[in-house]
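First comes the structure, then the notes that go with it.
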Amino acid sequence: MFNSQKLIKFSPLLGFLLGLLITLTGIFSANLLGHKIWHEPGVYALLSFCLIYFLVGFWLFSTVARQWLVSILSGVVAVFIFSITGIQSLLIPGLFLFSAYLLGDKIIVKLTGKATQGKVDIVLNLILGIAIYLLLLSVLGHVRVNYVSVDWVLLAVPYLINAEKAKNSFTQCLLAFKPVAWNKGMYWSILLFAFVNVLFIVEVVKPDTSADGLSYHLTVATTLFYHHFWHFDFKNYIYALMPLGTEWLYAFVYMLAGEFATHFLNYSFAILTAALLYCYLAEQKKLSLPICLLFVTLYLSAPLVYLEAASLFIDSCWVLFLFSAFVAMLKFRASQEEKYLYLIAVFFGTAMAIKMITILFIFAMAPFIIYEVSFKGTLPAKEKSLFVAKLFGVFLFFSAFIYIYSYIKTGNPIFPYENSFFKSPYYEITKSFNNPLFNTPFNFSSFYDMSFHSHIYLESDDGSFGLQYIFFLPLILLAVILFPSYIFLFGLFVTFFFTITLFHFQSYLRYVYPICPILTLLSAEALFNIKNINAFAYKSFLYAVGILVFLNCYLMPTSGWGHRDFYVPNSRYLNWGSPIRELINYVNVKEPGANILMLDDTVMATASGQVYTNTWMSNQFLKQLREQQTLDELQDFLKQYKIKYIIFYLDSTKKYTYNFTPLLKQFLQTRTTVEMERRDHYLVRIDAFNSTPTSVPWDKKN
């Protein structure tokens with residue numbers, strides 16, 4: 001006879017076995033642990049650090065020093081950071097986040113008349129403050145007012161208007177370092193959490209060498225530093241009118257503390273997402289605090305999160321706002337406080353100012369918001385309409401500026417995307433901007449492929465998505481059937497709707513990042529549901545979480561080519577990862593403000609002058625460049641743009657050989673002089689006429 005109780009009792013173990021089977025099958029079939037992930041010195045350094053770290057951890061646990069665990073870990077990490085990047089790289093982002101919290105808290109208290117209650121609300125207030133800063137900076141970025149003095153004023157204002165809160169909050173922050181008699185579970189959870197974060201920090205203190213970071217994410221910051229406003233012409237820089245929300249925040253801290261401050265600010269966005277996840281799980285009081293922290297550590301350990309947070313990609317900031325909107329929705333359902341709906345509008349608007357594909361996430365959450373407001377709210381129908389109009393107004397206030405500005409300039413509010421529809425004359429109108437490498441439709445194996453065949457969805461090795469999502473998916477799906485609740489319905493609908501619609505446009509793993517904290521939250525919720533049903537399965541899942549953290553850490557370099565060494569000195573890393581930066585620094589010192597033409601790359605950041613490229617990124621400039629017919633025409637054209645230096649790459653393995661047209665090659669040979677060379681990257685100065693051919697080994701390239 002069918003026994004539903006036995007089925008329910010057995011289902012957690014079934015979920016564990018299915019997750020284990022799928023995960024092991026994927027690991028071995030994709031040979032994740034068999035191919036070379038780390039450079040040999042890197043893996044030895046990682047294993048050595050891991051051994052020393054946990055041996056010291058065991059020793060601390062057996063002494064009275066264990067109560068000072070947080071202080072010891074923080075002190076050692078701070079000394080490491082300060083010795084490499086200086087105190088300002090950590091201090092300025094910290095001051096900015098503290099200012100954002102004071103600003104957000106002041107606004108919430110002013111509007112609601114109530115003091116903030118609960119740790120989730122504290123984090124949401126901080127994120128609200130970041131949103132307000134982002135909005136303000138996005139407007140100021142187009143005006144010549146971006147000076148160090150102005151940024152210090154903007155940083156100081158929240159302290160002045162919320163001085164008492166600043167004093168009390170600073171005191172509370174100091175209490176985090178007081179001695180605590182940690183129990184065994186919390187001690188090891190903190191130690192593991194810190195271990196994962198150290199892996200992040202080792203990467204964060206390296207200079208940026210990524211193509212995206214040096215092409216535009218950091219370029220906004222350095223442009224505002226040198227020129228004090230965003231003056232890029234969209235006709236020559238295709239991304240000049242794209243949403244640049246996170247980049248404005250980078251520019252703010254860069255102005256005060258330099259490049260490494262932007263690194264730590266981006267890292268802090270991932271930590272804030274993790275903090276919000278932890279605070280929400282802890283507030284529910286379903287799982288113990290050590291287990292809540294264990295799930296947060298699991299979230300951070302995913303190679304995709306490592307890629308995003310330990311670089312200058314902007315997606316960690318974007319995910320922070322989307323996950324904040326998700327949590328605010330859960331808080332609204334539980335409390336029916338209208339402030340959470342306003343926060344959702346702010347967070348959605350700010351996320352739209354960072355990435356336009358936010359609209360897909362909004363569509364995913366919209367049915368639940370509409371249901372709560374229309375059918376569960378206590379407001380009369382007329383007041384509901386006015387309330388919805390206010391929410392929409394708040395959303396537009398935080399999101400619309402860049403899209404209106406782009407439409408006025410180009411006739412396309414999302415230039416250069418969807419230009420086959422908007423038909424702006426400044427870009428290709430026969431087809432829309434799209435990356436043809438990532439157009440795989442969503443199917444039943446997509447989550448499996450994202451986990452074990454990640455190269456289909458990202459410029460990475462397999463395994464870069466993280467192993468935990470596919471492992472917990474069977475348990476989550478079983479929990480939906482056996483323990484149906486709002487959070488599972490809400491979380492899974494948002495996850496699948498967003499992923500499926502996203503893959504219709506672009507199947508790119510970095511854009512799937514917003515579902516990661518949601519799936520982690522659902523995994524923890526599913527684990528809570530089986531806690532009192534099957535103790536063996538519950539403990540098995542907990543042990544598996546610990547193992548998955550270490551597996552993810554080992555797989556971290558799969559997320560990008562620049563992460564395969566545990567640590568190398570910055571000078572050696574920079575020479576290996578981005579020698580062009582040395583050439584640009586040479587020009588900055590010798591002739592500040594000189595314009596540069598890049599023939600094979602799009603590195604623009606750190607240059608004090610304008611940088612033009614011989615690529616699609618400078619679309620109009622590229623067309624004009626190719627129209628030149630003679631050496632004199634080409635020289636006059638470059639003179640028109642005040643270009644004094646050219647940087648190019650010369651190697652037989654280089655793919656972008658199309659950039660060397662016969663005319664360009666002749667020009668480089670006869671009208672330039674070599675100034676500097678770094679690892680086959682040449683910096684040449686344009687001369688009126690050079691009778692002696694440049695000392696470049698042209699025979700390396702046909």
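Each chain in the structure tokens gets a letter, A, B and so on, in the order shown; residues start at 1 in every chain, and ligands are counted from 1 in the order they appear.
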
Item to check | Residue list (helix (DSSP H, G or I), DSSP) for range 185-345 of chain A, as a VMD selection string | outcome: chain A and resid 185 to 204 211 to 227 245 to 257 259 to 284 289 to 301 303 to 309 315 to 335 338 to 345

Next on the checklist: Could you list, as a VMD selection string, every residue within 10 Å of Cys516 in chain A, counting only C-alpha atoms and ignoring same-chain residues fewer than 3 positions away?
Outcome noted: chain A and resid 299 to 300 302 304 to 305 319 323 465 to 466 468 to 469 495 512 to 513 519 to 522

Distance query Leu154 in chain A at most 12 Å, only C-alpha atoms, self and fewer than 5 positions along chain excluded, as a PDB file with all heavy atoms, in the first residue's frame:
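Output saved as selection_34.pdb:
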```pdb
ATOM      1  N   LEU A  95      34.725  54.073   3.543  1.00  0.00           N
ATOM      2  CA  LEU A  95      34.068  55.348   3.862  1.00  0.00           C
ATOM      3  C   LEU A  95      32.871  55.597   2.951  1.00  0.00           C
ATOM      4  O   LEU A  95      31.832  56.120   3.393  1.00  0.00           O
ATOM      5  CB  LEU A  95      35.075  56.496   3.730  1.00  0.00           C
ATOM      6  CG  LEU A  95      36.161  56.585   4.803  1.00  0.00           C
ATOM      7  CD1 LEU A  95      37.150  57.687   4.465  1.00  0.00           C
ATOM      8  CD2 LEU A  95      35.547  56.823   6.187  1.00  0.00           C
ATOM      9  N   PHE A  96      33.015  55.228   1.678  1.00  0.00           N
ATOM     10  CA  PHE A  96      31.901  55.407   0.743  1.00  0.00           C
ATOM     11  C   PHE A  96      30.701  54.567   1.166  1.00  0.00           C
ATOM     12  O   PHE A  96      29.559  55.059   1.188  1.00  0.00           O
ATOM     13  CB  PHE A  96      32.330  55.030  -0.668  1.00  0.00           C
ATOM     14  CG  PHE A  96      31.174  54.901  -1.627  1.00  0.00           C
ATOM     15  CD1 PHE A  96      30.508  56.017  -2.091  1.00  0.00           C
ATOM     16  CD2 PHE A  96      30.734  53.648  -2.029  1.00  0.00           C
ATOM     17  CE1 PHE A  96      29.424  55.898  -2.952  1.00  0.00           C
ATOM     18  CE2 PHE A  96      29.656  53.516  -2.894  1.00  0.00           C
ATOM     19  CZ  PHE A  96      28.997  54.646  -3.360  1.00  0.00           C
ATOM     20  N   SER A  99      29.105  56.059   4.199  1.00  0.00           N
ATOM     21  CA  SER A  99      28.327  57.245   3.810  1.00  0.00           C
ATOM     22  C   SER A  99      27.014  56.836   3.164  1.00  0.00           C
ATOM     23  O   SER A  99      25.955  57.440   3.428  1.00  0.00           O
ATOM     24  CB  SER A  99      29.130  58.106   2.824  1.00  0.00           C
ATOM     25  OG  SER A  99      30.259  58.667   3.440  1.00  0.00           O
ATOM     26  N   ALA A 100      27.061  55.815   2.318  1.00  0.00           N
ATOM     27  CA  ALA A 100      25.848  55.343   1.655  1.00  0.00           C
ATOM     28  C   ALA A 100      24.844  54.835   2.680  1.00  0.00           C
ATOM     29  O   ALA A 100      23.633  55.092   2.562  1.00  0.00           O
ATOM     30  CB  ALA A 100      26.192  54.237   0.661  1.00  0.00           C
ATOM     31  N   LEU A 103      23.269  57.794   4.476  1.00  0.00           N
ATOM     32  CA  LEU A 103      22.332  58.475   3.577  1.00  0.00           C
ATOM     33  C   LEU A 103      21.038  57.684   3.436  1.00  0.00           C
ATOM     34  O   LEU A 103      19.936  58.244   3.561  1.00  0.00           O
ATOM     35  CB  LEU A 103      22.994  58.663   2.214  1.00  0.00           C
ATOM     36  CG  LEU A 103      22.175  59.363   1.128  1.00  0.00           C
ATOM     37  CD1 LEU A 103      21.792  60.771   1.560  1.00  0.00           C
ATOM     38  CD2 LEU A 103      22.962  59.405  -0.184  1.00  0.00           C
ATOM     39  N   ILE A 132      21.315  56.047  -4.523  1.00  0.00           N
ATOM     40  CA  ILE A 132      21.205  57.508  -4.599  1.00  0.00           C
ATOM     41  C   ILE A 132      22.516  58.119  -5.074  1.00  0.00           C
ATOM     42  O   ILE A 132      22.536  59.033  -5.912  1.00  0.00           O
ATOM     43  CB  ILE A 132      20.790  58.071  -3.229  1.00  0.00           C
ATOM     44  CG1 ILE A 132      19.377  57.585  -2.880  1.00  0.00           C
ATOM     45  CG2 ILE A 132      20.845  59.597  -3.225  1.00  0.00           C
ATOM     46  CD1 ILE A 132      18.967  57.847  -1.460  1.00  0.00           C
ATOM     47  N   TYR A 133      23.616  57.619  -4.551  1.00  0.00           N
ATOM     48  CA  TYR A 133      24.925  58.083  -5.019  1.00  0.00           C
ATOM     49  C   TYR A 133      25.076  57.834  -6.522  1.00  0.00           C
ATOM     50  O   TYR A 133      25.554  58.689  -7.270  1.00  0.00           O
ATOM     51  CB  TYR A 133      26.051  57.369  -4.272  1.00  0.00           C
ATOM     52  CG  TYR A 133      26.593  58.119  -3.072  1.00  0.00           C
ATOM     53  CD1 TYR A 133      26.419  57.639  -1.788  1.00  0.00           C
ATOM     54  CD2 TYR A 133      27.302  59.305  -3.244  1.00  0.00           C
ATOM     55  CE1 TYR A 133      26.929  58.314  -0.681  1.00  0.00           C
ATOM     56  CE2 TYR A 133      27.815  59.997  -2.155  1.00  0.00           C
ATOM     57  CZ  TYR A 133      27.628  59.495  -0.873  1.00  0.00           C
ATOM     58  OH  TYR A 133      28.135  60.175   0.202  1.00  0.00           O
ATOM     59  N   LEU A 134      24.693  56.641  -6.958  1.00  0.00           N
ATOM     60  CA  LEU A 134      24.843  56.278  -8.371  1.00  0.00           C
ATOM     61  C   LEU A 134      24.046  57.229  -9.258  1.00  0.00           C
ATOM     62  O   LEU A 134      24.539  57.684 -10.298  1.00  0.00           O
ATOM     63  CB  LEU A 134      24.407  54.830  -8.577  1.00  0.00           C
ATOM     64  CG  LEU A 134      24.705  54.179  -9.931  1.00  0.00           C
ATOM     65  CD1 LEU A 134      24.900  52.680  -9.783  1.00  0.00           C
ATOM     66  CD2 LEU A 134      23.588  54.436 -10.937  1.00  0.00           C
ATOM     67  N   LEU A 136      23.096  60.328  -8.593  1.00  0.00           N
ATOM     68  CA  LEU A 136      23.717  61.653  -8.565  1.00  0.00           C
ATOM     69  C   LEU A 136      24.984  61.694  -9.419  1.00  0.00           C
ATOM     70  O   LEU A 136      25.190  62.620 -10.223  1.00  0.00           O
ATOM     71  CB  LEU A 136      24.040  62.032  -7.123  1.00  0.00           C
ATOM     72  CG  LEU A 136      24.766  63.367  -6.902  1.00  0.00           C
ATOM     73  CD1 LEU A 136      23.898  64.525  -7.381  1.00  0.00           C
ATOM     74  CD2 LEU A 136      25.128  63.543  -5.430  1.00  0.00           C
ATOM     75  N   LEU A 137      25.815  60.675  -9.286  1.00  0.00           N
ATOM     76  CA  LEU A 137      27.079  60.641 -10.018  1.00  0.00           C
ATOM     77  C   LEU A 137      26.863  60.475 -11.520  1.00  0.00           C
ATOM     78  O   LEU A 137      27.657  60.968 -12.323  1.00  0.00           O
ATOM     79  CB  LEU A 137      27.960  59.509  -9.489  1.00  0.00           C
ATOM     80  CG  LEU A 137      28.445  59.668  -8.039  1.00  0.00           C
ATOM     81  CD1 LEU A 137      29.124  58.400  -7.561  1.00  0.00           C
ATOM     82  CD2 LEU A 137      29.387  60.864  -7.909  1.00  0.00           C
ATOM     83  N   LEU A 140      26.245  64.046 -12.630  1.00  0.00           N
ATOM     84  CA  LEU A 140      27.445  64.876 -12.488  1.00  0.00           C
ATOM     85  C   LEU A 140      28.554  64.435 -13.439  1.00  0.00           C
ATOM     86  O   LEU A 140      29.413  65.236 -13.812  1.00  0.00           O
ATOM     87  CB  LEU A 140      27.957  64.815 -11.042  1.00  0.00           C
ATOM     88  CG  LEU A 140      27.050  65.416  -9.971  1.00  0.00           C
ATOM     89  CD1 LEU A 140      27.696  65.280  -8.595  1.00  0.00           C
ATOM     90  CD2 LEU A 140      26.754  66.884 -10.271  1.00  0.00           C
ATOM     91  N   VAL A 145      32.637  68.859 -13.258  1.00  0.00           N
ATOM     92  CA  VAL A 145      32.702  69.140 -11.817  1.00  0.00           C
ATOM     93  C   VAL A 145      33.347  67.989 -11.043  1.00  0.00           C
ATOM     94  O   VAL A 145      33.339  67.992  -9.816  1.00  0.00           O
ATOM     95  CB  VAL A 145      31.290  69.404 -11.245  1.00  0.00           C
ATOM     96  CG1 VAL A 145      30.679  70.653 -11.852  1.00  0.00           C
ATOM     97  CG2 VAL A 145      30.379  68.193 -11.452  1.00  0.00           C
ATOM     98  N   ASN A 146      33.908  67.042 -11.762  1.00  0.00           N
ATOM     99  CA  ASN A 146      34.436  65.849 -11.103  1.00  0.00           C
ATOM    100  C   ASN A 146      35.883  66.073 -10.670  1.00  0.00           C
ATOM    101  O   ASN A 146      36.842  65.730 -11.375  1.00  0.00           O
ATOM    102  CB  ASN A 146      34.318  64.657 -12.050  1.00  0.00           C
ATOM    103  CG  ASN A 146      32.874  64.294 -12.332  1.00  0.00           C
ATOM    104  OD1 ASN A 146      32.252  63.532 -11.618  1.00  0.00           O
ATOM    105  ND2 ASN A 146      32.330  64.881 -13.408  1.00  0.00           N
ATOM    106  N   TYR A 147      36.015  66.650  -9.492  1.00  0.00           N
ATOM    107  CA  TYR A 147      37.307  66.938  -8.889  1.00  0.00           C
ATOM    108  C   TYR A 147      37.385  66.261  -7.523  1.00  0.00           C
ATOM    109  O   TYR A 147      36.361  65.922  -6.926  1.00  0.00           O
ATOM    110  CB  TYR A 147      37.512  68.445  -8.746  1.00  0.00           C
ATOM    111  CG  TYR A 147      37.595  69.177 -10.063  1.00  0.00           C
ATOM    112  CD1 TYR A 147      36.442  69.663 -10.677  1.00  0.00           C
ATOM    113  CD2 TYR A 147      38.821  69.372 -10.697  1.00  0.00           C
ATOM    114  CE1 TYR A 147      36.509  70.338 -11.895  1.00  0.00           C
ATOM    115  CE2 TYR A 147      38.895  70.051 -11.918  1.00  0.00           C
ATOM    116  CZ  TYR A 147      37.736  70.526 -12.502  1.00  0.00           C
ATOM    117  OH  TYR A 147      37.807  71.182 -13.709  1.00  0.00           O
ATOM    118  N   VAL A 148      38.600  66.105  -7.035  1.00  0.00           N
ATOM    119  CA  VAL A 148      38.805  65.455  -5.740  1.00  0.00           C
ATOM    120  C   VAL A 148      38.051  66.190  -4.641  1.00  0.00           C
ATOM    121  O   VAL A 148      37.412  65.570  -3.780  1.00  0.00           O
ATOM    122  CB  VAL A 148      40.313  65.387  -5.417  1.00  0.00           C
ATOM    123  CG1 VAL A 148      40.535  64.900  -3.982  1.00  0.00           C
ATOM    124  CG2 VAL A 148      41.030  64.476  -6.407  1.00  0.00           C
ATOM    125  N   SER A 149      38.093  67.510  -4.657  1.00  0.00           N
ATOM    126  CA  SER A 149      37.435  68.300  -3.613  1.00  0.00           C
ATOM    127  C   SER A 149      35.925  68.075  -3.610  1.00  0.00           C
ATOM    128  O   SER A 149      35.299  67.969  -2.545  1.00  0.00           O
ATOM    129  CB  SER A 149      37.738  69.783  -3.799  1.00  0.00           C
ATOM    130  OG  SER A 149      37.342  70.210  -5.100  1.00  0.00           O
ATOM    131  N   TYR A 159      27.612  62.192   6.643  1.00  0.00           N
ATOM    132  CA  TYR A 159      28.089  62.238   8.024  1.00  0.00           C
ATOM    133  C   TYR A 159      27.565  63.480   8.738  1.00  0.00           C
ATOM    134  O   TYR A 159      27.272  63.449   9.942  1.00  0.00           O
ATOM    135  CB  TYR A 159      29.619  62.238   8.052  1.00  0.00           C
ATOM    136  CG  TYR A 159      30.246  60.956   7.572  1.00  0.00           C
ATOM    137  CD1 TYR A 159      30.513  60.753   6.226  1.00  0.00           C
ATOM    138  CD2 TYR A 159      30.559  59.928   8.458  1.00  0.00           C
ATOM    139  CE1 TYR A 159      31.083  59.575   5.773  1.00  0.00           C
ATOM    140  CE2 TYR A 159      31.137  58.750   8.021  1.00  0.00           C
ATOM    141  CZ  TYR A 159      31.392  58.575   6.673  1.00  0.00           C
ATOM    142  OH  TYR A 159      31.954  57.400   6.230  1.00  0.00           O
ATOM    143  N   LEU A 160      27.439  64.564   7.996  1.00  0.00           N
ATOM    144  CA  LEU A 160      26.975  65.820   8.586  1.00  0.00           C
ATOM    145  C   LEU A 160      25.479  65.792   8.875  1.00  0.00           C
ATOM    146  O   LEU A 160      25.029  66.335   9.899  1.00  0.00           O
ATOM    147  CB  LEU A 160      27.308  66.988   7.654  1.00  0.00           C
ATOM    148  CG  LEU A 160      28.804  67.208   7.359  1.00  0.00           C
ATOM    149  CD1 LEU A 160      28.982  68.339   6.345  1.00  0.00           C
ATOM    150  CD2 LEU A 160      29.563  67.510   8.641  1.00  0.00           C
ATOM    151  N   ILE A 161      24.692  65.171   8.002  1.00  0.00           N
ATOM    152  CA  ILE A 161      23.243  65.183   8.182  1.00  0.00           C
ATOM    153  C   ILE A 161      22.759  64.034   9.070  1.00  0.00           C
ATOM    154  O   ILE A 161      21.600  64.014   9.473  1.00  0.00           O
ATOM    155  CB  ILE A 161      22.513  65.119   6.825  1.00  0.00           C
ATOM    156  CG1 ILE A 161      22.802  63.795   6.106  1.00  0.00           C
ATOM    157  CG2 ILE A 161      22.885  66.301   5.952  1.00  0.00           C
ATOM    158  CD1 ILE A 161      22.029  63.609   4.819  1.00  0.00           C
ATOM    159  N   PHE A 252      34.135  57.473  -8.777  1.00  0.00           N
ATOM    160  CA  PHE A 252      34.082  58.223  -7.516  1.00  0.00           C
ATOM    161  C   PHE A 252      35.229  57.823  -6.598  1.00  0.00           C
ATOM    162  O   PHE A 252      35.959  58.684  -6.080  1.00  0.00           O
ATOM    163  CB  PHE A 252      32.729  57.978  -6.839  1.00  0.00           C
ATOM    164  CG  PHE A 252      32.522  58.779  -5.585  1.00  0.00           C
ATOM    165  CD1 PHE A 252      32.174  60.122  -5.655  1.00  0.00           C
ATOM    166  CD2 PHE A 252      32.662  58.197  -4.343  1.00  0.00           C
ATOM    167  CE1 PHE A 252      31.977  60.861  -4.504  1.00  0.00           C
ATOM    168  CE2 PHE A 252      32.469  58.921  -3.180  1.00  0.00           C
ATOM    169  CZ  PHE A 252      32.123  60.261  -3.267  1.00  0.00           C
ATOM    170  N   VAL A 253      35.421  56.530  -6.384  1.00  0.00           N
ATOM    171  CA  VAL A 253      36.490  56.100  -5.473  1.00  0.00           C
ATOM    172  C   VAL A 253      37.855  56.190  -6.148  1.00  0.00           C
ATOM    173  O   VAL A 253      38.874  56.399  -5.469  1.00  0.00           O
ATOM    174  CB  VAL A 253      36.233  54.668  -4.945  1.00  0.00           C
ATOM    175  CG1 VAL A 253      34.946  54.623  -4.126  1.00  0.00           C
ATOM    176  CG2 VAL A 253      36.180  53.643  -6.068  1.00  0.00           C
ATOM    177  N   LEU A 256      39.567  59.467  -5.547  1.00  0.00           N
ATOM    178  CA  LEU A 256      40.093  59.681  -4.205  1.00  0.00           C
ATOM    179  C   LEU A 256      41.227  58.737  -3.839  1.00  0.00           C
ATOM    180  O   LEU A 256      42.042  59.066  -2.971  1.00  0.00           O
ATOM    181  CB  LEU A 256      38.973  59.529  -3.173  1.00  0.00           C
ATOM    182  CG  LEU A 256      37.783  60.486  -3.323  1.00  0.00           C
ATOM    183  CD1 LEU A 256      36.701  60.142  -2.321  1.00  0.00           C
ATOM    184  CD2 LEU A 256      38.244  61.926  -3.140  1.00  0.00           C
TER     185      LEU A 256
END
```

May I have a table of the residues of range 485-537 of chain A lying at most 12 Å from range 282-285 of chain A, giving each one's closest pair of atoms and their distance in Å to one decimal, counting only C-alpha atoms, ordered by chain and ascending residue number, as CSV?
```
residue,atom,partner,partner_atom,distance
A:Leu521,CA,A:Ala282,CA,11.3
A:Ala524,CA,A:Ala282,CA,10.9
A:Glu525,CA,A:Gln284,CA,9.8
A:Phe528,CA,A:Lys285,CA,10.1
```

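For the residues A:Lys178, A:Lys355, A:Arg679, A:His227, ranking by smallest atom-to-atom distance to Ala607 in chain A using only C-alpha atoms places A:His227 first.
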
Next on the checklist: Which residues are close to range 404-420 of chain A, i.e. within 12 Å by only C-alpha atoms, leaving aside same-chain residues fewer than 3 positions away? Reply as a ChimeraX atom specification.
Outcome noted: /A:138-139,142,233-235,237-244,352-353,355-357,396-397,399-401,423-435,505,616-617,619

Checklist entry - Neighbours of range 437-445 of chain A within 7 Å (only C-alpha atoms; same-chain residues fewer than 2 positions away dropped), as a PyMOL selection string? => result chain A and resi 435+447-449+457+500+503-504+506-508

Item to check | Test item: residues at most 9 Å from Leu20 in chain A, only C-alpha atoms, excluding those fewer than 5 positions along its chain, as a ChimeraX atom specification | outcome: /A:15,25,471-472,544

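Across the structure, CA of Lys167 in chain A and CA of Leu124 in chain A are spaced 19.7 Å apart.
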
Item to check | Nearest-residue call for Arg510 in chain A, choices A:Leu102, A:Val150, A:Val494, A:Leu307, using only C-alpha atoms | outcome: A:Leu307

Checklist entry - For Asp601 in chain A, which residue among A:Val327, A:Ala211, A:Leu634, A:Ile314 is the nearest when counting only C-alpha atoms? => result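 Smallest distance to Asp601 in chain A is found for A:Ala211.
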
Any idea what's packed within 9 Å of Ile291 in chain A, counting only C-alpha atoms, ignoring anything in its chain fewer than 4 positions away? Could you give it as a PDB file with C-alpha atoms, in the first residue's frame?
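Listed below is the output, selection_2.pdb:
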```
ATOM      1  CA  GLY A 185      30.412  25.302  14.342  1.00  0.00           C
ATOM      2  CA  MET A 186      30.685  29.081  14.099  1.00  0.00           C
ATOM      3  CA  SER A 189      32.311  28.495   9.425  1.00  0.00           C
ATOM      4  CA  LEU A 287      18.907  27.286  10.205  1.00  0.00           C
ATOM      5  CA  PHE A 295      25.711  28.653   2.547  1.00  0.00           C
ATOM      6  CA  VAL A 296      27.026  32.195   2.085  1.00  0.00           C
ATOM      7  CA  ALA A 524      19.122  26.667   2.194  1.00  0.00           C
ATOM      8  CA  LEU A 542      25.940  19.668   5.028  1.00  0.00           C
TER       9      LEU A 542
END
```
